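Coordinates as given in work-v9.cif (mmCIF, C-alpha atoms and all ligand atoms):
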```cif
data_my_file
loop_
_atom_site.label_atom_id
_atom_site.label_comp_id
_atom_site.auth_asym_id
_atom_site.auth_seq_id
_atom_site.Cartn_x
_atom_site.Cartn_y
_atom_site.Cartn_z
CA MET A 1 -4.30 -19.76 16.95
CA SER A 2 -5.07 -17.62 13.89
CA PHE A 3 -2.89 -14.62 13.08
CA ILE A 4 -5.92 -12.29 12.87
CA GLU A 5 -9.18 -13.02 14.61
CA GLY A 6 -12.29 -10.83 14.59
CA LYS A 7 -15.15 -11.76 16.92
CA GLU A 8 -18.62 -10.24 16.57
CA LEU A 9 -17.30 -6.88 15.40
CA VAL A 10 -19.92 -4.15 15.36
CA LYS A 11 -19.29 -0.59 14.20
CA ILE A 12 -21.88 2.12 14.64
CA TYR A 13 -21.06 5.59 13.30
CA LYS A 14 -22.97 8.28 15.17
CA GLY A 15 -23.35 11.97 14.42
CA SER A 16 -25.65 14.64 15.83
CA ASP A 17 -28.35 13.74 13.29
CA TYR A 18 -27.50 10.21 12.12
CA GLU A 19 -26.60 6.75 13.31
CA HIS A 20 -25.36 4.12 10.90
CA THR A 21 -24.43 0.52 11.65
CA ALA A 22 -21.59 -0.17 9.21
CA LEU A 23 -20.68 -3.60 10.67
CA LYS A 24 -23.38 -5.75 12.19
CA GLY A 25 -21.40 -8.49 13.95
CA VAL A 26 -18.55 -9.77 11.82
CA SER A 27 -16.41 -12.76 12.79
CA PHE A 28 -13.49 -14.23 10.83
CA LYS A 29 -10.04 -15.81 11.11
CA ILE A 30 -7.04 -15.14 8.92
CA ASP A 31 -3.87 -17.21 9.00
CA ALA A 32 -0.31 -15.91 8.86
CA GLY A 33 0.84 -15.83 5.24
CA ASP A 34 -2.68 -15.51 3.87
CA PHE A 35 -3.52 -13.34 0.84
CA VAL A 36 -7.06 -12.07 1.26
CA ALA A 37 -9.34 -9.94 -0.92
CA ILE A 38 -12.33 -8.17 0.62
CA VAL A 39 -15.07 -7.40 -1.89
CA GLY A 40 -18.68 -6.29 -1.86
CA PRO A 41 -20.99 -3.50 -2.96
CA SER A 42 -20.28 0.12 -2.08
CA GLY A 43 -21.17 0.84 1.54
CA SER A 44 -21.05 -2.83 2.59
CA GLY A 45 -18.40 -2.07 5.23
CA LYS A 46 -15.15 -3.16 3.55
CA SER A 47 -13.06 -0.09 4.45
CA THR A 48 -14.54 -0.02 7.94
CA LEU A 49 -13.44 -3.62 8.48
CA LEU A 50 -9.97 -2.92 7.07
CA SER A 51 -9.52 0.15 9.30
CA ILE A 52 -10.58 -1.86 12.37
CA ILE A 53 -8.04 -4.56 11.47
CA GLY A 54 -5.54 -1.73 10.92
CA SER A 55 -6.00 -0.75 14.58
CA LEU A 56 -7.10 2.71 13.45
CA ASN A 57 -10.84 2.54 14.13
CA PRO A 58 -12.13 1.08 17.42
CA PRO A 59 -15.21 -1.14 16.98
CA THR A 60 -18.33 -0.25 18.94
CA SER A 61 -18.25 -3.82 20.27
CA GLY A 62 -16.47 -7.07 19.56
CA VAL A 63 -12.87 -8.17 19.75
CA LEU A 64 -9.99 -7.92 17.30
CA LYS A 65 -6.86 -9.94 17.98
CA ILE A 66 -3.68 -9.90 15.93
CA ASP A 67 -0.98 -12.36 16.94
CA ASP A 68 -3.13 -13.00 20.03
CA ILE A 69 -2.90 -9.32 21.06
CA ASP A 70 -6.28 -7.78 21.94
CA ILE A 71 -5.70 -4.63 19.90
CA TYR A 72 -8.37 -2.34 21.33
CA LYS A 73 -7.42 -3.17 24.90
CA LEU A 74 -4.03 -1.54 24.27
CA SER A 75 -3.48 2.10 25.28
CA ASN A 76 -3.34 4.57 22.37
CA GLU A 77 0.43 4.75 22.74
CA LYS A 78 0.91 0.97 22.75
CA ARG A 79 -1.49 0.64 19.79
CA ALA A 80 0.54 3.20 17.81
CA ASP A 81 3.67 1.25 18.69
CA PHE A 82 1.95 -1.98 17.57
CA ARG A 83 1.01 -0.36 14.23
CA SER A 84 4.55 0.85 13.61
CA HIS A 85 5.92 -2.68 14.02
CA TYR A 86 3.18 -4.92 12.65
CA LEU A 87 1.46 -2.99 9.90
CA GLY A 88 2.10 -1.46 6.51
CA PHE A 89 -0.65 0.52 4.78
CA VAL A 90 -1.28 1.11 1.08
CA PHE A 91 -4.09 3.38 -0.13
CA GLN A 92 -5.76 4.19 -3.44
CA GLN A 93 -4.05 7.61 -3.42
CA TYR A 94 -0.33 6.99 -3.26
CA ASN A 95 0.16 9.78 -0.68
CA LEU A 96 3.79 10.35 -1.63
CA ILE A 97 5.42 13.59 -0.52
CA SER A 98 5.93 15.51 -3.74
CA TYR A 99 9.16 17.28 -2.75
CA LEU A 100 10.93 14.11 -1.59
CA THR A 101 12.57 11.56 -3.90
CA ALA A 102 11.29 7.98 -4.11
CA ILE A 103 13.92 6.73 -1.67
CA GLU A 104 13.30 9.60 0.76
CA ASN A 105 9.58 8.74 0.72
CA VAL A 106 10.39 5.10 1.43
CA MET A 107 12.72 6.05 4.29
CA LEU A 108 10.02 8.08 6.08
CA PRO A 109 8.64 5.28 8.34
CA LEU A 110 12.20 4.60 9.53
CA SER A 111 12.80 8.19 10.64
CA ILE A 112 11.06 7.57 13.97
CA LYS A 113 13.18 4.50 14.66
CA LYS A 114 16.66 4.39 16.12
CA ILE A 115 18.34 3.35 12.89
CA SER A 116 21.39 5.05 11.36
CA HIS A 117 20.88 7.05 8.15
CA SER A 118 23.04 4.65 6.13
CA LYS A 119 21.08 1.64 7.41
CA GLN A 120 17.82 3.49 6.58
CA ARG A 121 19.06 4.00 3.00
CA GLU A 122 20.07 0.35 2.75
CA MET A 123 16.63 -0.81 3.96
CA ALA A 124 14.84 1.62 1.61
CA LEU A 125 16.88 0.43 -1.37
CA ALA A 126 16.10 -3.20 -0.47
CA ALA A 127 12.36 -2.32 -0.33
CA LEU A 128 12.58 -0.51 -3.69
CA GLU A 129 14.38 -3.54 -5.12
CA LYS A 130 11.45 -5.76 -4.05
CA VAL A 131 9.01 -3.59 -6.00
CA GLY A 132 11.37 -3.37 -9.01
CA LEU A 133 12.24 0.31 -8.63
CA ARG A 134 15.76 0.39 -7.22
CA GLU A 135 17.10 2.12 -10.33
CA LYS A 136 14.53 4.93 -9.97
CA ALA A 137 15.28 5.60 -6.29
CA GLY A 138 16.40 9.18 -7.00
CA ARG A 139 13.34 10.19 -9.03
CA MET A 140 10.74 12.65 -7.75
CA PRO A 141 7.13 11.34 -7.64
CA SER A 142 6.25 13.63 -10.57
CA GLU A 143 8.86 11.78 -12.65
CA LEU A 144 7.16 8.41 -12.07
CA SER A 145 4.04 6.85 -13.61
CA GLY A 146 0.97 6.16 -11.43
CA GLY A 147 1.87 2.47 -11.22
CA GLU A 148 5.45 3.33 -10.23
CA GLN A 149 4.22 5.78 -7.58
CA GLN A 150 2.04 3.04 -6.13
CA ARG A 151 5.06 0.70 -6.11
CA VAL A 152 6.99 3.36 -4.15
CA ALA A 153 4.05 3.51 -1.73
CA ILE A 154 4.25 -0.29 -1.34
CA ALA A 155 8.02 -0.04 -0.72
CA ARG A 156 7.25 2.56 1.99
CA ALA A 157 4.68 0.16 3.50
CA ILE A 158 7.15 -2.75 3.70
CA VAL A 159 10.41 -0.93 4.53
CA HIS A 160 10.12 -1.53 8.29
CA GLU A 161 9.46 -5.23 7.57
CA PRO A 162 5.97 -5.57 9.03
CA PRO A 163 4.32 -9.02 8.88
CA LEU A 164 0.97 -7.58 7.70
CA ILE A 165 0.07 -5.31 4.77
CA LEU A 166 -3.37 -3.71 4.49
CA ALA A 167 -4.33 -2.14 1.17
CA ASP A 168 -7.54 -0.21 0.49
CA GLU A 169 -8.32 -0.11 -3.24
CA PRO A 170 -4.60 -0.22 -4.16
CA THR A 171 -5.36 -0.37 -7.89
CA GLY A 172 -8.32 2.03 -7.85
CA ASN A 173 -6.41 4.73 -9.77
CA LEU A 174 -4.64 2.43 -12.20
CA ASP A 175 -5.31 0.95 -15.64
CA THR A 176 -5.50 -2.81 -16.21
CA LYS A 177 -1.81 -3.29 -17.00
CA ASN A 178 -0.58 -1.32 -13.99
CA SER A 179 -3.17 -2.98 -11.73
CA GLU A 180 -1.79 -6.36 -12.72
CA GLU A 181 1.76 -5.17 -12.01
CA ILE A 182 0.73 -4.05 -8.52
CA MET A 183 -1.03 -7.36 -7.82
CA LYS A 184 2.10 -9.23 -8.99
CA VAL A 185 4.16 -7.19 -6.52
CA PHE A 186 1.74 -8.13 -3.72
CA SER A 187 1.87 -11.78 -4.86
CA SER A 188 5.65 -11.91 -4.67
CA LEU A 189 5.62 -10.24 -1.22
CA ASN A 190 3.04 -12.79 -0.10
CA LYS A 191 5.27 -15.61 -1.37
CA GLU A 192 8.02 -14.17 0.85
CA GLY A 193 5.67 -14.68 3.82
CA LEU A 194 3.82 -11.38 4.27
CA THR A 195 0.15 -11.58 5.15
CA ILE A 196 -1.79 -9.31 2.78
CA LEU A 197 -5.38 -8.07 2.97
CA PHE A 198 -6.74 -5.82 0.27
CA VAL A 199 -10.10 -4.23 -0.50
CA THR A 200 -10.95 -4.12 -4.18
CA HIS A 201 -13.73 -3.38 -6.64
CA ASN A 202 -11.69 -4.91 -9.45
CA ILE A 203 -12.72 -8.52 -10.07
CA GLU A 204 -9.54 -9.17 -12.05
CA ASN A 205 -7.61 -8.75 -8.79
CA LEU A 206 -9.48 -11.59 -7.11
CA SER A 207 -7.61 -14.31 -8.98
CA PHE A 208 -4.44 -13.25 -7.12
CA ALA A 209 -5.97 -13.83 -3.67
CA ARG A 210 -6.08 -17.16 -1.88
CA LYS A 211 -9.14 -16.22 0.12
CA VAL A 212 -12.00 -13.88 -0.80
CA ILE A 213 -14.26 -12.34 1.84
CA TYR A 214 -17.58 -11.25 0.36
CA MET A 215 -19.35 -8.50 2.31
CA ARG A 216 -22.89 -7.19 2.04
CA ASP A 217 -24.85 -4.80 4.28
CA GLY A 218 -22.29 -4.86 7.10
CA LEU A 219 -22.01 -8.63 7.22
CA ILE A 220 -19.67 -11.26 5.79
CA GLU A 221 -21.82 -13.10 3.29
CA ASN A 222 -19.28 -15.71 2.31
CA ILE A 223 -15.60 -16.61 2.54
CA GLU A 224 -14.16 -18.50 -0.38
CA TYR A 225 -10.87 -20.33 -0.01
CA SER A 226 -9.77 -20.85 -3.58
CA THR A 227 -8.74 -18.71 -6.52
CA ASN A 228 -11.89 -19.86 -8.29
CA VAL A 229 -13.98 -16.89 -7.22
CA ASP A 230 -17.62 -16.23 -7.88
CA ILE A 231 -17.50 -13.61 -10.60
CA GLU A 232 -21.33 -13.71 -10.88
CA PHE A 233 -21.51 -12.22 -7.37
CA CYS A 234 -19.58 -9.16 -8.42
CA ALA A 235 -21.48 -8.71 -11.66
CA VAL A 236 -24.78 -8.80 -9.78
CA SER A 237 -23.76 -6.54 -6.93
CA SER A 238 -21.50 -4.30 -9.05
CA CYS A 239 -18.50 -4.59 -6.74
N1 LIG B 1 -16.57 8.02 9.47
C1 LIG B 1 -17.83 7.70 9.11
N2 LIG B 1 -18.88 8.36 9.64
C2 LIG B 1 -20.14 8.02 9.31
N3 LIG B 1 -20.47 7.02 8.47
C3 LIG B 1 -19.47 6.34 7.91
C4 LIG B 1 -18.10 6.63 8.20
N4 LIG B 1 -17.32 5.77 7.50
C5 LIG B 1 -18.16 4.98 6.81
N5 LIG B 1 -19.45 5.32 7.05
C6 LIG B 1 -20.64 4.67 6.50
O1 LIG B 1 -20.54 3.28 6.82
C7 LIG B 1 -20.95 2.49 5.69
C8 LIG B 1 -19.81 1.56 5.31
O2 LIG B 1 -18.76 2.37 4.80
P1 LIG B 1 -17.40 1.74 4.24
O3 LIG B 1 -16.56 2.87 3.75
O4 LIG B 1 -16.85 0.83 5.25
O5 LIG B 1 -17.95 0.87 3.03
P2 LIG B 1 -17.20 0.28 1.76
O6 LIG B 1 -17.78 -1.07 1.52
O7 LIG B 1 -15.73 0.37 1.95
O8 LIG B 1 -17.67 1.27 0.63
P3 LIG B 1 -16.93 1.75 -0.74
O9 LIG B 1 -16.76 0.53 -1.57
O10 LIG B 1 -17.90 2.72 -1.35
O11 LIG B 1 -15.63 2.38 -0.34
C9 LIG B 1 -21.36 3.47 4.60
O12 LIG B 1 -22.76 3.61 4.64
C10 LIG B 1 -20.68 4.76 4.98
O13 LIG B 1 -21.43 5.89 4.58
#
```
As structure tokens - that is how I would like this structure written.
Amino acid sequence: MSFIEGKELVKIYKGSDYEHTALKGVSFKIDAGDFVAIVGPSGSGKSTLLSIIGSLNPPTSGVLKIDDIDIYKLSNEKRADFRSHYLGFVFQQYNLISYLTAIENVMLPLSIKKISHSKQREMALAALEKVGLREKAGRMPSELSGGEQQRVAIARAIVHEPPLILADEPTGNLDTKNSEEIMKVFSSLNKEGLTILFVTHNIENLSFARKVIYMRDGLIENIEYSTNVDIEFCAVSSC
């Protein structure tokens, strides 16, 4: 049994005057502990696929299973509960709350859980330690660099100890040096056993992944299982 399994996923976005098929029947399997990059040209369906895996965006048809749970058969309430246990999200924008300190931002996902305040602080400090920012726990977001803010966002994504992290363009706002730092953080979390999926346009990030899913026109064009990725593909399709 694979940790994540997508079967014939189709996503059609419909409005009053448009209909667009963003995913045209996508099937894949991802193992626990995998480190997966999703790449492809703009509009190829990467974010749509990630949001479906993130149990945030029901497919028009097809099945998504995580840990053998048929995610879109769950009620909304059970799916929200699933997300709060299984998933951590990281986005291109760090989405930190500007008037809370780094540690207060990291503690946010714990506030809905029945955990004492002191335990919440302990867990948040442990998460900040993992991203190398324990000593800056008391800083406001405005007192941190972009790369540091993204590391706080990663700490917030892992603080409740989910097995799966989904990141959509996590280095999209960062320079080369900070991008590499973020990918190293993901690498070390992956070595600790977290399954990580990230969407990227940055070909330098691909060497960190163990599997690369190439998308084009709403379909998976190829899945490559080594770090030796096809850089030609990205140059041609400007991913
Ligand atoms: N909520 C939506 N409503 C309508 N169309 C959408 C919606 N979200 C995405 N689309 C369309 O679906 C297609 C795939 O979008 P998606 O964001 O998944 O692609 P992407 O590969 O992540 O693109 P990019 O690299 O530019 O972020 C695009 O044509 C997009 O315009």
So how far away is atom CA of Gly6 of chain A from atom CA of Gly40 of chain A, in Å?
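The value is 18.2 Å.
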Using all atoms listed in the file, pick whichever of A:Gln92, A:Ser84, A:Thr195, A:Ser55 has the shortest atom-to-atom distance to Gln150 of chain A.
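Counting all atoms listed in the file, the residue closest to Gln150 of chain A is A:Gln92.
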Near-ligand residues for ligand LIG 1 (chain B), threshold 12 Å, all atoms listed in the file, as JSON, numbers by chain
{"A": [10, 11, 12, 13, 14, 15, 16, 17, 18, 19, 20, 21, 22, 23, 24, 38, 39, 40, 41, 42, 43, 44, 45, 46, 47, 48, 49, 50, 51, 52, 56, 57, 58, 59, 91, 92, 167, 168, 169, 170, 172, 198, 199, 200, 201, 202, 213, 214, 215, 216, 217, 218, 219, 220, 237, 238, 239]}
Return the single residue from A:Ala37, A:Ile30, A:Met107, A:Ile97 that is closest to Ile66 of chain A, with distances computed using all atoms listed in the file.
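For Ile66 of chain A, the nearest of the given residues is A:Ile30.
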Rounded to one decimal in Å, what is the spacing between atom CA of Leu87 of chain A and atom CA of Leu164 of chain A?
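So the answer is 5.1 Å.
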Need to verify the contact set: His85 of chain A, 9 Å, only C-alpha atoms, exclusion of same-chain residues closer than 2 positions in sequence. Can you return it as a ChimeraX atom specification?
/A:80-83,87-88,160-163
Skipping near chain neighbours, those fewer than 5 positions away, what residues fall within 9 Å of Leu64 of chain A using all atoms listed in the file, listed as a compact mmCIF listing (two decimals) with C-alpha atoms, keeping the file's coordinate frame?
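Below you can see part.txt, which holds the result:
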```
# COMPACT_ATOMS: atom_id res chain seq x y z
CA ILE A 4 -5.92 -12.29 12.87
CA GLU A 5 -9.18 -13.02 14.61
CA GLY A 6 -12.29 -10.83 14.59
CA LYS A 7 -15.15 -11.76 16.92
CA GLU A 8 -18.62 -10.24 16.57
CA LEU A 9 -17.30 -6.88 15.40
CA ILE A 52 -10.58 -1.86 12.37
CA ILE A 53 -8.04 -4.56 11.47
CA SER A 55 -6.00 -0.75 14.58
CA PRO A 59 -15.21 -1.14 16.98
CA ILE A 69 -2.90 -9.32 21.06
CA ASP A 70 -6.28 -7.78 21.94
CA ILE A 71 -5.70 -4.63 19.90
CA TYR A 72 -8.37 -2.34 21.33
```
